[in-house]
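*Asks:* Handing over structure25.tsv, TSV, C-alpha atoms.
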```
chain	number	residue	atom	x	y	z
O	245	MET	CA	0.00	0.00	0.00
O	246	GLY	CA	3.05	2.24	0.15
O	247	THR	CA	2.37	3.31	3.75
O	248	LYS	CA	5.46	4.07	5.79
O	249	LYS	CA	6.07	1.93	8.84
O	250	LEU	CA	5.79	3.01	12.45
O	251	SER	CA	9.59	3.16	12.74
O	252	ASP	CA	9.78	5.95	10.14
O	253	LYS	CA	10.38	8.98	12.38
O	254	ASN	CA	9.72	11.38	9.52
O	255	ARG	CA	6.13	10.21	9.35
O	256	ILE	CA	5.25	9.13	12.88
O	257	ARG	CA	5.71	11.52	15.77
O	258	GLN	CA	6.30	9.43	18.87
O	259	PHE	CA	5.49	10.55	22.40
O	260	ASN	CA	8.52	10.96	24.66
O	261	PHE	CA	7.46	9.24	27.88
O	262	GLU	CA	10.92	9.69	29.41
O	263	LYS	CA	10.86	13.49	29.27
O	264	LYS	CA	10.98	14.99	32.77
O	265	PRO	CA	7.85	16.86	33.90
O	266	VAL	CA	7.87	20.47	35.11
O	267	SER	CA	5.90	22.35	37.74
O	268	PRO	CA	2.70	23.87	36.32
O	269	CYS	CA	3.07	27.32	34.74
O	270	PHE	CA	0.92	30.41	35.42
O	271	LEU	CA	-1.76	29.13	33.02
O	272	LEU	CA	-2.99	26.76	35.72
O	273	SER	CA	-3.95	29.73	37.91
O	274	VAL	CA	-5.68	31.30	34.91
O	275	ALA	CA	-7.67	28.10	34.31
O	276	LYS	CA	-8.70	27.97	37.96
O	277	GLY	CA	-9.94	31.55	37.90
O	278	ILE	CA	-11.74	31.44	34.56
O	279	ILE	CA	-13.06	27.88	34.33
O	280	SER	CA	-12.79	25.74	37.45
O	281	PHE	CA	-13.73	27.96	40.36
O	282	PRO	CA	-16.64	29.81	38.66
O	283	ASP	CA	-18.14	26.45	37.64
O	284	LEU	CA	-17.95	25.12	41.21
O	285	LYS	CA	-19.43	28.33	42.59
O	286	LYS	CA	-22.48	27.98	40.33
O	287	ARG	CA	-22.92	24.41	41.54
O	288	LYS	CA	-22.59	25.49	45.22
O	289	ALA	CA	-19.89	22.85	45.55
O	290	VAL	CA	-18.86	21.71	49.03
O	291	LEU	CA	-15.36	20.47	49.93
O	292	THR	CA	-14.46	18.99	53.31
O	293	LYS	CA	-10.94	18.09	54.46
O	294	THR	CA	-10.01	15.49	57.08
O	295	ASN	CA	-6.63	14.64	58.59
O	296	MET	CA	-4.82	17.01	56.22
O	297	GLU	CA	-2.99	19.08	58.84
O	298	GLY	CA	0.68	19.57	58.12
O	299	ILE	CA	0.86	17.88	54.71
O	300	GLU	CA	-0.96	20.18	52.26
O	301	ASP	CA	2.20	22.12	51.38
O	302	LYS	CA	4.30	18.92	51.08
O	303	PRO	CA	4.48	16.12	48.52
O	304	TYR	CA	1.72	13.51	48.77
O	305	LEU	CA	-0.15	11.18	46.44
O	306	MET	CA	-3.79	12.10	45.89
O	307	LEU	CA	-6.10	9.43	44.44
O	308	VAL	CA	-9.28	10.86	42.90
O	309	THR	CA	-12.53	9.14	41.93
O	310	HIS	CA	-13.28	9.58	38.24
O	311	SER	CA	-16.67	10.19	36.65
O	312	SER	CA	-16.60	13.39	34.57
O	313	MET	CA	-14.61	16.52	33.73
O	314	VAL	CA	-15.95	18.10	36.94
O	315	ASP	CA	-13.37	15.93	38.75
O	316	PHE	CA	-10.57	18.19	37.55
O	317	ASN	CA	-12.29	21.32	38.86
O	318	LEU	CA	-12.72	19.80	42.31
O	319	MET	CA	-9.16	18.47	42.29
O	320	LEU	CA	-7.85	21.98	41.57
O	321	LYS	CA	-10.01	23.44	44.34
O	322	ALA	CA	-8.87	20.78	46.82
O	323	THR	CA	-5.17	21.37	46.15
O	324	HIS	CA	-5.32	25.18	45.78
O	325	PRO	CA	-3.10	27.21	46.07
O	326	HIS	CA	-0.39	24.57	45.68
O	327	LYS	CA	1.04	23.38	42.39
O	328	VAL	CA	0.38	19.74	41.53
O	329	ASN	CA	1.39	17.31	38.82
O	330	ASN	CA	-1.06	14.83	37.38
O	331	VAL	CA	-1.34	12.19	34.68
O	332	MET	CA	-3.43	12.11	31.50
O	333	THR	CA	-3.66	9.61	28.68
O	334	LEU	CA	-2.54	10.51	25.18
O	335	GLU	CA	-5.96	11.29	23.73
O	336	GLY	CA	-6.11	14.14	26.26
O	337	PHE	CA	-2.77	15.42	25.00
O	338	HIS	CA	-4.15	15.13	21.48
O	339	THR	CA	-7.27	17.13	22.39
O	340	TYR	CA	-5.58	19.91	24.37
O	341	THR	CA	-2.13	19.81	22.65
O	342	GLU	CA	1.06	18.39	24.06
O	343	PRO	CA	2.87	21.73	24.66
O	344	LEU	CA	-0.01	23.01	26.80
O	345	MET	CA	-0.34	19.80	28.82
O	346	ARG	CA	3.40	19.57	29.48
O	347	SER	CA	3.50	23.23	30.57
O	348	LEU	CA	0.72	22.43	33.06
O	349	GLY	CA	2.86	19.70	34.60
O	350	VAL	CA	0.84	16.81	33.14
O	351	LEU	CA	2.46	13.42	32.52
O	352	GLY	CA	1.37	11.30	29.54
O	353	THR	CA	0.63	7.59	29.59
O	354	ARG	CA	-1.40	4.84	27.91
O	355	LYS	CA	-4.21	2.99	29.65
O	356	PHE	CA	-3.80	-0.47	31.15
O	357	ILE	CA	-0.17	-1.16	30.28
O	358	THR	CA	2.93	-1.38	32.47
O	359	ASP	CA	4.56	2.07	32.31
O	360	ILE	CA	7.95	2.27	34.02
O	361	HIS	CA	8.53	5.82	32.77
O	362	LEU	CA	5.37	7.01	34.52
O	363	ILE	CA	6.50	5.63	37.89
O	364	ARG	CA	9.94	7.21	37.49
O	365	ASN	CA	8.43	10.59	36.63
O	366	MET	CA	5.98	10.36	39.53
O	367	LYS	CA	8.95	9.88	41.86
O	368	TYR	CA	10.65	12.87	40.22
O	369	CYS	CA	7.56	15.02	40.89
O	370	VAL	CA	7.40	14.23	44.60
O	371	GLU	CA	11.16	14.01	45.27
O	372	GLU	CA	12.62	16.74	43.03
O	373	LEU	CA	9.76	19.11	42.23
O	374	LYS	CA	8.34	18.61	45.76
O	375	ASN	CA	4.79	18.68	44.39
O	376	PRO	CA	1.74	16.63	45.32
O	377	PHE	CA	0.90	14.12	42.59
O	378	VAL	CA	-2.68	13.50	41.46
O	379	LEU	CA	-3.71	10.13	40.04
O	380	PHE	CA	-7.09	8.86	38.84
O	381	PRO	CA	-6.47	5.16	39.57
O	382	GLU	CA	-9.65	3.89	37.91
O	383	ALA	CA	-8.02	5.14	34.66
O	384	ARG	CA	-11.38	5.82	33.03
O	385	TYR	CA	-14.75	7.35	33.77
O	386	SER	CA	-17.16	5.28	35.86
O	387	LEU	CA	-19.89	3.65	33.75
O	388	ASP	CA	-22.63	3.47	36.39
O	389	GLY	CA	-21.61	6.01	39.02
O	390	CYS	CA	-19.92	3.41	41.24
O	391	THR	CA	-16.30	2.51	41.92
O	392	SER	CA	-14.57	1.05	38.86
O	393	TYR	CA	-11.68	-1.42	38.74
O	394	LEU	CA	-8.71	-0.49	40.97
O	395	PRO	CA	-5.36	-2.03	39.96
O	396	GLN	CA	-3.58	-4.32	42.41
O	397	SER	CA	-0.32	-2.50	41.67
O	398	LEU	CA	-1.41	0.56	43.70
O	399	GLY	CA	0.04	-0.79	46.94
O	400	LYS	CA	3.49	-1.37	45.44
O	401	MET	CA	3.45	2.09	43.84
O	402	VAL	CA	2.58	3.74	47.16
O	403	LYS	CA	5.44	1.96	48.91
O	404	LEU	CA	7.82	3.06	46.15
O	405	LEU	CA	6.81	6.73	46.44
O	406	GLY	CA	6.89	6.74	50.25
O	407	VAL	CA	4.65	9.81	50.63
O	408	PRO	CA	1.29	10.23	52.38
O	409	VAL	CA	-1.78	8.97	50.50
O	410	VAL	CA	-4.84	11.19	50.21
O	411	VAL	CA	-8.21	10.23	48.71
O	412	LEU	CA	-10.50	12.78	47.07
O	413	ARG	CA	-13.90	11.12	46.87
O	414	ILE	CA	-16.37	13.10	44.77
O	415	HIS	CA	-20.17	12.87	44.77
O	416	GLY	CA	-22.53	14.26	42.16
O	417	ASN	CA	-19.94	14.37	39.40
O	418	PHE	CA	-21.41	11.30	37.69
O	419	VAL	CA	-25.12	12.10	37.83
O	420	THR	CA	-24.47	15.64	36.59
O	421	CYS	CA	-22.89	14.30	33.38
O	422	PRO	CA	-22.69	10.50	32.88
O	423	GLN	CA	-20.64	9.34	29.94
O	424	TRP	CA	-23.65	7.80	28.20
O	425	ASN	CA	-25.44	11.16	28.45
O	426	LYS	CA	-22.92	13.93	27.91
O	427	ILE	CA	-25.39	16.74	28.70
O	428	ASN	CA	-23.86	18.66	31.60
O	429	LYS	CA	-26.73	19.34	34.03
O	430	LYS	CA	-24.51	21.67	36.13
O	431	THR	CA	-25.93	20.34	39.41
O	432	PHE	CA	-24.60	20.23	43.00
O	433	VAL	CA	-21.36	18.37	43.74
O	434	GLU	CA	-19.40	17.72	46.92
O	435	ALA	CA	-16.07	16.13	47.76
O	436	GLU	CA	-14.23	14.68	50.74
O	437	MET	CA	-10.45	15.05	50.88
O	438	LYS	CA	-8.84	12.77	53.46
O	439	GLN	CA	-5.36	11.51	54.30
O	440	ILE	CA	-5.72	7.74	54.67
O	441	ILE	CA	-2.06	6.64	54.90
O	442	THR	CA	0.87	8.52	56.44
O	443	ALA	CA	4.41	8.52	55.05
O	444	GLU	CA	5.48	6.31	57.96
O	445	GLU	CA	2.69	3.82	57.23
O	446	THR	CA	3.85	3.42	53.61
O	447	LYS	CA	6.93	1.74	55.10
O	448	SER	CA	5.26	-0.30	57.84
O	449	LEU	CA	2.19	-1.55	55.93
O	450	SER	CA	2.35	-4.29	53.30
O	451	ALA	CA	1.31	-3.62	49.70
O	452	LYS	CA	-1.85	-5.67	50.29
O	453	GLU	CA	-2.74	-3.71	53.44
O	454	ILE	CA	-2.29	-0.47	51.50
O	455	ASN	CA	-4.47	-1.78	48.68
O	456	ASP	CA	-7.18	-2.80	51.11
O	457	CYS	CA	-7.10	0.64	52.74
O	458	ILE	CA	-7.41	2.40	49.37
O	459	VAL	CA	-10.31	0.19	48.27
O	460	GLU	CA	-12.11	0.80	51.58
O	461	HIS	CA	-11.91	4.58	51.22
O	462	PHE	CA	-12.61	4.63	47.48
O	463	GLN	CA	-16.16	3.28	47.53
O	464	TYR	CA	-18.90	5.47	46.08
O	465	ASP	CA	-22.35	5.19	44.52
O	466	ASP	CA	-23.52	8.41	42.90
O	467	PHE	CA	-27.12	7.32	42.33
O	468	ALA	CA	-27.46	6.31	46.00
O	469	TRP	CA	-25.91	9.67	46.97
O	470	GLN	CA	-28.35	11.54	44.70
O	471	LYS	CA	-31.34	9.79	46.26
O	472	GLU	CA	-30.09	10.31	49.82
O	473	LYS	CA	-29.28	14.00	49.27
O	474	GLN	CA	-32.43	14.52	47.17
O	475	VAL	CA	-30.45	16.20	44.40
O	476	LYS	CA	-33.10	16.99	41.82
O	477	ILE	CA	-32.20	16.59	38.15
O	478	ASP	CA	-35.26	17.50	36.12
O	479	HIS	CA	-33.58	17.75	32.72
O	480	PRO	CA	-36.04	16.56	30.04
O	481	GLN	CA	-33.36	14.34	28.45
O	482	ARG	CA	-31.94	12.84	31.65
O	483	ALA	CA	-32.47	9.21	30.49
O	484	LYS	CA	-31.17	9.71	26.95
O	485	GLY	CA	-28.36	7.23	26.27
O	486	LEU	CA	-29.12	5.06	29.32
O	487	HIS	CA	-29.67	2.06	27.04
O	488	ALA	CA	-25.93	2.04	26.27
O	489	LEU	CA	-25.31	1.06	29.92
O	490	LEU	CA	-28.49	-0.97	30.47
O	491	TYR	CA	-28.20	-3.03	27.28
O	492	LYS	CA	-29.87	-6.21	28.60
O	493	CYS	CA	-33.59	-6.31	29.36
O	494	PRO	CA	-34.31	-7.92	32.77
O	495	SER	CA	-37.85	-8.75	31.64
O	496	CYS	CA	-37.23	-10.72	28.43
O	497	ARG	CA	-33.41	-11.02	28.82
O	498	GLU	CA	-32.71	-9.97	25.24
O	499	GLU	CA	-29.49	-8.00	24.69
O	500	HIS	CA	-28.95	-4.81	22.67
O	501	GLN	CA	-32.70	-4.26	22.24
O	502	THR	CA	-33.13	-1.46	24.77
O	503	ASP	CA	-33.44	2.18	23.76
O	504	SER	CA	-33.93	5.50	25.51
O	505	GLU	CA	-35.06	9.05	24.95
O	506	GLY	CA	-36.26	11.87	27.17
O	507	THR	CA	-36.96	10.42	30.62
O	508	ARG	CA	-37.72	6.85	29.49
O	509	LEU	CA	-35.93	3.58	28.81
O	510	TRP	CA	-37.66	0.75	26.96
O	511	CYS	CA	-37.10	-2.66	25.36
O	512	ASN	CA	-37.88	-2.92	21.66
O	513	CYS	CA	-38.34	-6.69	22.02
O	514	CYS	CA	-40.87	-7.07	24.86
O	515	LYS	CA	-41.96	-3.38	24.90
O	516	LYS	CA	-41.48	-2.98	28.65
O	517	THR	CA	-40.83	0.66	29.61
O	518	TRP	CA	-39.24	2.38	32.61
O	519	GLU	CA	-39.36	6.02	33.71
O	520	MET	CA	-36.28	7.68	35.24
O	521	ASP	CA	-37.43	10.07	37.96
O	522	GLU	CA	-35.81	13.34	39.04
O	523	TYR	CA	-33.74	11.54	41.69
O	524	GLY	CA	-32.19	8.93	39.38
O	525	GLN	CA	-34.53	6.03	40.22
O	526	LEU	CA	-36.28	3.78	37.69
O	527	HIS	CA	-40.00	2.89	37.73
O	528	ALA	CA	-41.65	0.37	35.41
O	529	LEU	CA	-44.77	1.80	33.78
O	530	GLU	CA	-46.36	-1.64	34.00
O	531	GLY	CA	-45.51	-4.68	36.09
O	532	GLU	CA	-42.54	-5.22	38.37
O	533	THR	CA	-39.70	-2.72	38.63
O	534	GLU	CA	-36.82	-5.18	38.56
O	535	PHE	CA	-34.07	-2.67	39.35
O	536	PRO	CA	-35.12	0.73	40.71
O	537	HIS	CA	-31.43	1.44	41.44
O	538	ILE	CA	-29.50	1.69	38.15
O	539	PRO	CA	-26.21	0.17	39.46
O	540	ASP	CA	-28.15	-2.93	40.54
O	541	TRP	CA	-29.19	-3.40	36.90
O	542	SER	CA	-25.61	-2.99	35.62
O	543	ASN	CA	-24.30	-5.34	38.34
O	544	TRP	CA	-26.83	-7.94	37.18
O	545	GLU	CA	-25.56	-7.52	33.61
O	546	ARG	CA	-22.00	-8.02	34.85
O	547	ALA	CA	-23.03	-11.19	36.69
O	548	CYS	CA	-24.59	-12.52	33.48
O	549	VAL	CA	-21.35	-11.85	31.59
O	550	ARG	CA	-19.33	-13.53	34.36
O	551	GLU	CA	-21.48	-16.64	34.03
O	552	GLU	CA	-20.84	-16.76	30.27
O	553	ILE	CA	-17.09	-16.49	30.86
O	554	GLU	CA	-17.03	-19.13	33.57
O	555	ASN	CA	-18.98	-21.65	31.48
O	556	GLY	CA	-16.93	-20.86	28.36
O	557	THR	CA	-19.79	-19.60	26.18
O	558	TYR	CA	-18.72	-15.97	26.01
O	559	TYR	CA	-17.65	-14.83	22.55
O	560	PHE	CA	-17.65	-11.46	20.81
O	561	GLU	CA	-16.67	-10.59	17.25
O	562	ASP	CA	-17.30	-7.47	15.23
O	563	GLU	CA	-15.94	-5.60	12.26
O	564	VAL	CA	-14.26	-2.42	13.50
O	565	ARG	CA	-12.83	0.77	12.06
O	566	VAL	CA	-9.30	1.03	13.43
O	567	GLU	CA	-7.31	4.16	14.18
O	568	THR	CA	-4.00	4.25	16.02
O	569	LEU	CA	-2.50	6.89	18.29
O	570	PRO	CA	1.27	6.33	18.60
O	571	GLY	CA	1.89	9.82	19.98
O	572	SER	CA	-0.20	12.86	20.78
O	573	TRP	CA	-0.02	14.50	17.38
O	574	LYS	CA	-2.65	12.65	15.33
O	575	PHE	CA	-4.73	9.52	14.88
O	576	TYR	CA	-3.73	7.31	11.93
O	577	LYS	CA	-6.48	5.53	10.00
O	578	GLN	CA	-5.78	1.81	9.51
O	579	GLY	CA	-8.98	0.85	7.70
O	580	MET	CA	-11.33	-1.95	8.72
O	581	GLY	CA	-10.37	-4.84	10.96
O	582	LYS	CA	-11.83	-7.32	13.45
O	583	LEU	CA	-12.21	-7.21	17.21
O	584	ILE	CA	-12.50	-10.66	18.77
O	585	GLN	CA	-12.88	-11.43	22.46
O	586	THR	CA	-12.93	-14.87	24.08
O	587	PRO	CA	-12.59	-15.82	27.77
O	588	GLU	CA	-8.85	-16.22	27.18
O	589	GLU	CA	-7.91	-13.09	25.22
O	590	THR	CA	-8.83	-9.90	23.40
O	591	ARG	CA	-7.57	-9.71	19.82
O	592	VAL	CA	-7.51	-7.06	17.08
O	593	GLU	CA	-6.79	-8.15	13.51
O	594	CYS	CA	-6.09	-5.21	11.23
O	595	ASN	CA	-3.86	-3.39	8.80
O	596	TYR	CA	-1.05	-1.65	10.68
O	597	TYR	CA	0.81	1.04	8.73
O	598	GLY	CA	0.59	-0.99	5.52
O	599	GLU	CA	1.14	-4.49	6.91
O	600	PRO	CA	-1.15	-7.19	8.38
O	601	TYR	CA	-1.04	-7.21	12.16
O	602	VAL	CA	-2.63	-9.04	15.09
O	603	LEU	CA	-2.72	-7.41	18.52
O	604	LYS	CA	-3.23	-9.91	21.35
O	605	ARG	CA	-3.82	-9.12	25.01
O	606	SER	CA	-4.33	-12.12	27.25
O	607	ALA	CA	-7.02	-12.03	29.91
O	608	LYS	CA	-4.29	-12.03	32.54
O	609	SER	CA	-2.45	-9.04	31.05
O	610	LEU	CA	-5.47	-6.84	30.30
O	611	GLU	CA	-7.05	-5.87	33.62
O	612	SER	CA	-9.66	-3.43	32.32
O	613	MET	CA	-10.85	-1.77	29.13
O	614	HIS	CA	-11.07	1.89	28.17
O	615	ILE	CA	-14.35	2.45	26.33
O	616	GLU	CA	-15.93	5.61	24.95
O	617	TYR	CA	-19.59	6.15	24.18
O	618	ASP	CA	-19.80	7.99	20.84
O	619	TYR	CA	-16.27	9.39	21.12
O	620	LEU	CA	-16.25	12.94	19.71
O	621	GLY	CA	-19.39	12.09	17.74
O	622	ARG	CA	-17.56	9.38	15.78
O	623	GLY	CA	-19.14	6.28	17.31
O	624	ASP	CA	-18.70	3.85	20.21
O	625	CYS	CA	-15.15	2.58	20.55
O	626	VAL	CA	-12.71	0.62	22.67
O	627	ASP	CA	-9.08	1.62	23.17
O	628	ILE	CA	-6.52	-1.19	23.53
O	629	SER	CA	-2.86	-0.30	24.00
O	630	ILE	CA	0.59	-1.77	23.63
O	631	PRO	CA	3.65	0.21	24.83
O	632	GLU	CA	4.27	1.73	21.38
O	633	ASP	CA	0.72	2.47	20.24
O	634	SER	CA	-2.97	2.65	21.10
O	635	PHE	CA	-5.60	0.97	18.90
O	636	TRP	CA	-8.95	2.78	18.81
O	637	CYS	CA	-11.55	0.35	17.48
O	638	TYR	CA	-14.91	1.80	16.42
O	639	LEU	CA	-17.58	-0.88	16.54
O	640	MET	CA	-20.31	-1.53	13.96
O	641	LYS	CA	-22.60	-3.33	16.43
O	642	ARG	CA	-24.74	-1.09	18.59
O	643	ASP	CA	-24.46	-0.86	22.37
O	644	ALA	CA	-21.79	-3.55	22.68
O	645	ILE	CA	-18.96	-1.74	24.44
O	646	THR	CA	-20.40	-1.92	27.98
O	647	LYS	CA	-20.55	-5.71	27.83
O	648	ILE	CA	-16.99	-5.81	26.40
O	649	SER	CA	-15.84	-3.70	29.34
O	650	PHE	CA	-17.52	-5.96	31.89
O	651	ALA	CA	-16.15	-9.05	30.13
O	652	THR	CA	-12.56	-7.76	30.12
O	653	GLU	CA	-12.56	-7.24	33.89
O	654	GLU	CA	-14.29	-10.54	34.65
O	655	MET	CA	-11.90	-12.41	32.32
O	656	HIS	CA	-8.95	-10.86	34.15
O	657	LYS	CA	-10.34	-11.73	37.60
O	658	LEU	CA	-10.88	-15.35	36.55
O	659	ALA	CA	-7.41	-15.58	34.96
O	660	MET	CA	-5.76	-14.23	38.10
O	661	LYS	CA	-7.74	-16.65	40.27
O	662	ARG	CA	-6.56	-19.57	38.13
O	663	ALA	CA	-2.93	-18.39	37.98
```
For the file at hand, write its structure as structure tokens.

*Replies:*
Amino acid sequence: MGTKKLSDKNRIRQFNFEKKPVSPCFLLSVAKGIISFPDLKKRKAVLTKTNMEGIEDKPYLMLVTHSSMVDFNLMLKATHPHKVNNVMTLEGFHTYTEPLMRSLGVLGTRKFITDIHLIRNMKYCVEELKNPFVLFPEARYSLDGCTSYLPQSLGKMVKLLGVPVVVLRIHGNFVTCPQWNKINKKTFVEAEMKQIITAEETKSLSAKEINDCIVEHFQYDDFAWQKEKQVKIDHPQRAKGLHALLYKCPSCREEHQTDSEGTRLWCNCCKKTWEMDEYGQLHALEGETEFPHIPDWSNWERACVREEIENGTYYFEDEVRVETLPGSWKFYKQGMGKLIQTPEETRVECNYYGEPYVLKRSAKSLESMHIEYDYLGRGDCVDISIPEDSFWCYLMKRDAITKISFATEEMHKLAMKRA
């Protein structure tokens, strides 16, 4: 096809993961004053701090729950007026430009791969720049407003850094703008900032004990919080897109037959319909309401996928449009390919810069999956990375990426249990 290969530096601009980060420039203060703080003021945001005495002006690791762009505003408010470094994946660098992100002290990485350069640069931030470091350990937005997968490597990373660990747990950030409904409702949010592990405890506790502590303090359920706080969201399109998450009908058990619009979700197969009220709860218009609480529905879907994986019947295959992102400069179109997922592996078969290529990630090596609902208006996609590149696969089948995400995590759990 005459396409130059990835190794051709004249054609492919690679991302330099080894480059040392810098402290954020003055533009961070500008962003706080123009974007972040005014947005939080309109929302009447509340921030509480616990056990933070004596460490706010020193290096620490802050782990933040991740549900929407509002997270960054609350993170900046929580750490103000101190400079912080944080991490962002390469599509963020592509969107906001690499020079800007680097000047703001942001480190680049790929999702769900082993990144030695990232760990080294995190140590540089806390040891040399003397800045707090912010990490979103779920590595993607929550799908249902509850805690996503947390990597087991967190404990080892904390011990390596040797600085206090702080958790910023945010509420309201998901229900104000879930990823399957990108309409920002601009509603109330609150956050709790708490030191959960001291610098001394990073030495005395085991990696498992640190992991357990992080998991304990990282639990959240935004729909439960909305109901408890009676946060009213009366937007006329609040249920639009919900079918992308709730793809399996609990009444007739058909998959990918649900749809949504306005304040309603329905099944095109059995015609059952649910209304989403102003407090995020579902109500069947006729018959039993199987899952009033949306995360209970998605957890049931996950359990169904787990059963398929355990009995060996799970299989997914689809034709996909493949684009790759080797650096931050541009996406490269690779044409059509195939995405195949079995209980043992996830595989992409495609053209790769002019040559046939097969990307394989075993269930053991791929702990979670980055998915995007209608990414930039270009369709639903999954992002699977290797150290040198990221493969963005746009699916032809409708409403399939949530199940793929659940399957990836359940495949990994089962593989680790059998290892």

*Asks:* Neighbourhood query: residues within 12 Å of (-32.2, 7.2, 33.4), file coordinates, counting only C-alpha atoms; return as JSON, numbers by chain.

*Replies:* {"O": [388, 419, 420, 421, 422, 424, 425, 467, 477, 478, 479, 480, 481, 482, 483, 484, 485, 486, 487, 488, 489, 490, 503, 504, 505, 506, 507, 508, 509, 510, 517, 518, 519, 520, 521, 522, 523, 524, 525, 526, 527, 528, 535, 536, 537, 538, 539, 541]}

*Asks:* Which residue out of O:Pro381, O:Gly556, O:Gly352, O:Gly581 has the minimum interatomic distance to Gln396 of chain O when all atoms listed in the file are used?

*Replies:* O:Pro381

*Asks:* Report as a ChimeraX atom specification all protein, DNA and RNA residues lying within 12 Å of Leu320 of chain O, evaluated on all atoms listed in the file, omitting residues in the same chain fewer than 2 positions from it.

*Replies:* /O:268,272-277,279-281,283-284,291,306,308,313-318,322-330,376-378,412,435,437

*Asks:* Atom CA of Arg605 of chain O to atom CA of Thr590 of chain O: how many Å, to one decimal?

*Replies:*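 Distance between the two atoms: 5.3 Å.
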
*Asks:* Place a sphere of radius 7 Å on (4.6, 15.6, 14.9) in the file coordinates and name every protein, DNA or RNA residue with an atom inside or on its surface, counting all atoms listed in the file; give the answer as a VMD selection string.

*Replies:* chain O and resid 256 to 257 573

*Asks:* Kindly list the centre and edge lengths in Å, rounded to one decimal, for the axis-aligned box that covers all listed atoms of segment 637-650 of chain O plus 5 Å on each of its six sides, as lines of an AutoDock Vina configuration file.

*Replies:*
```
center_x = -18.1
center_y = -2.1
center_z = 22.9
size_x = 23.2
size_y = 17.8
size_z = 27.9
```
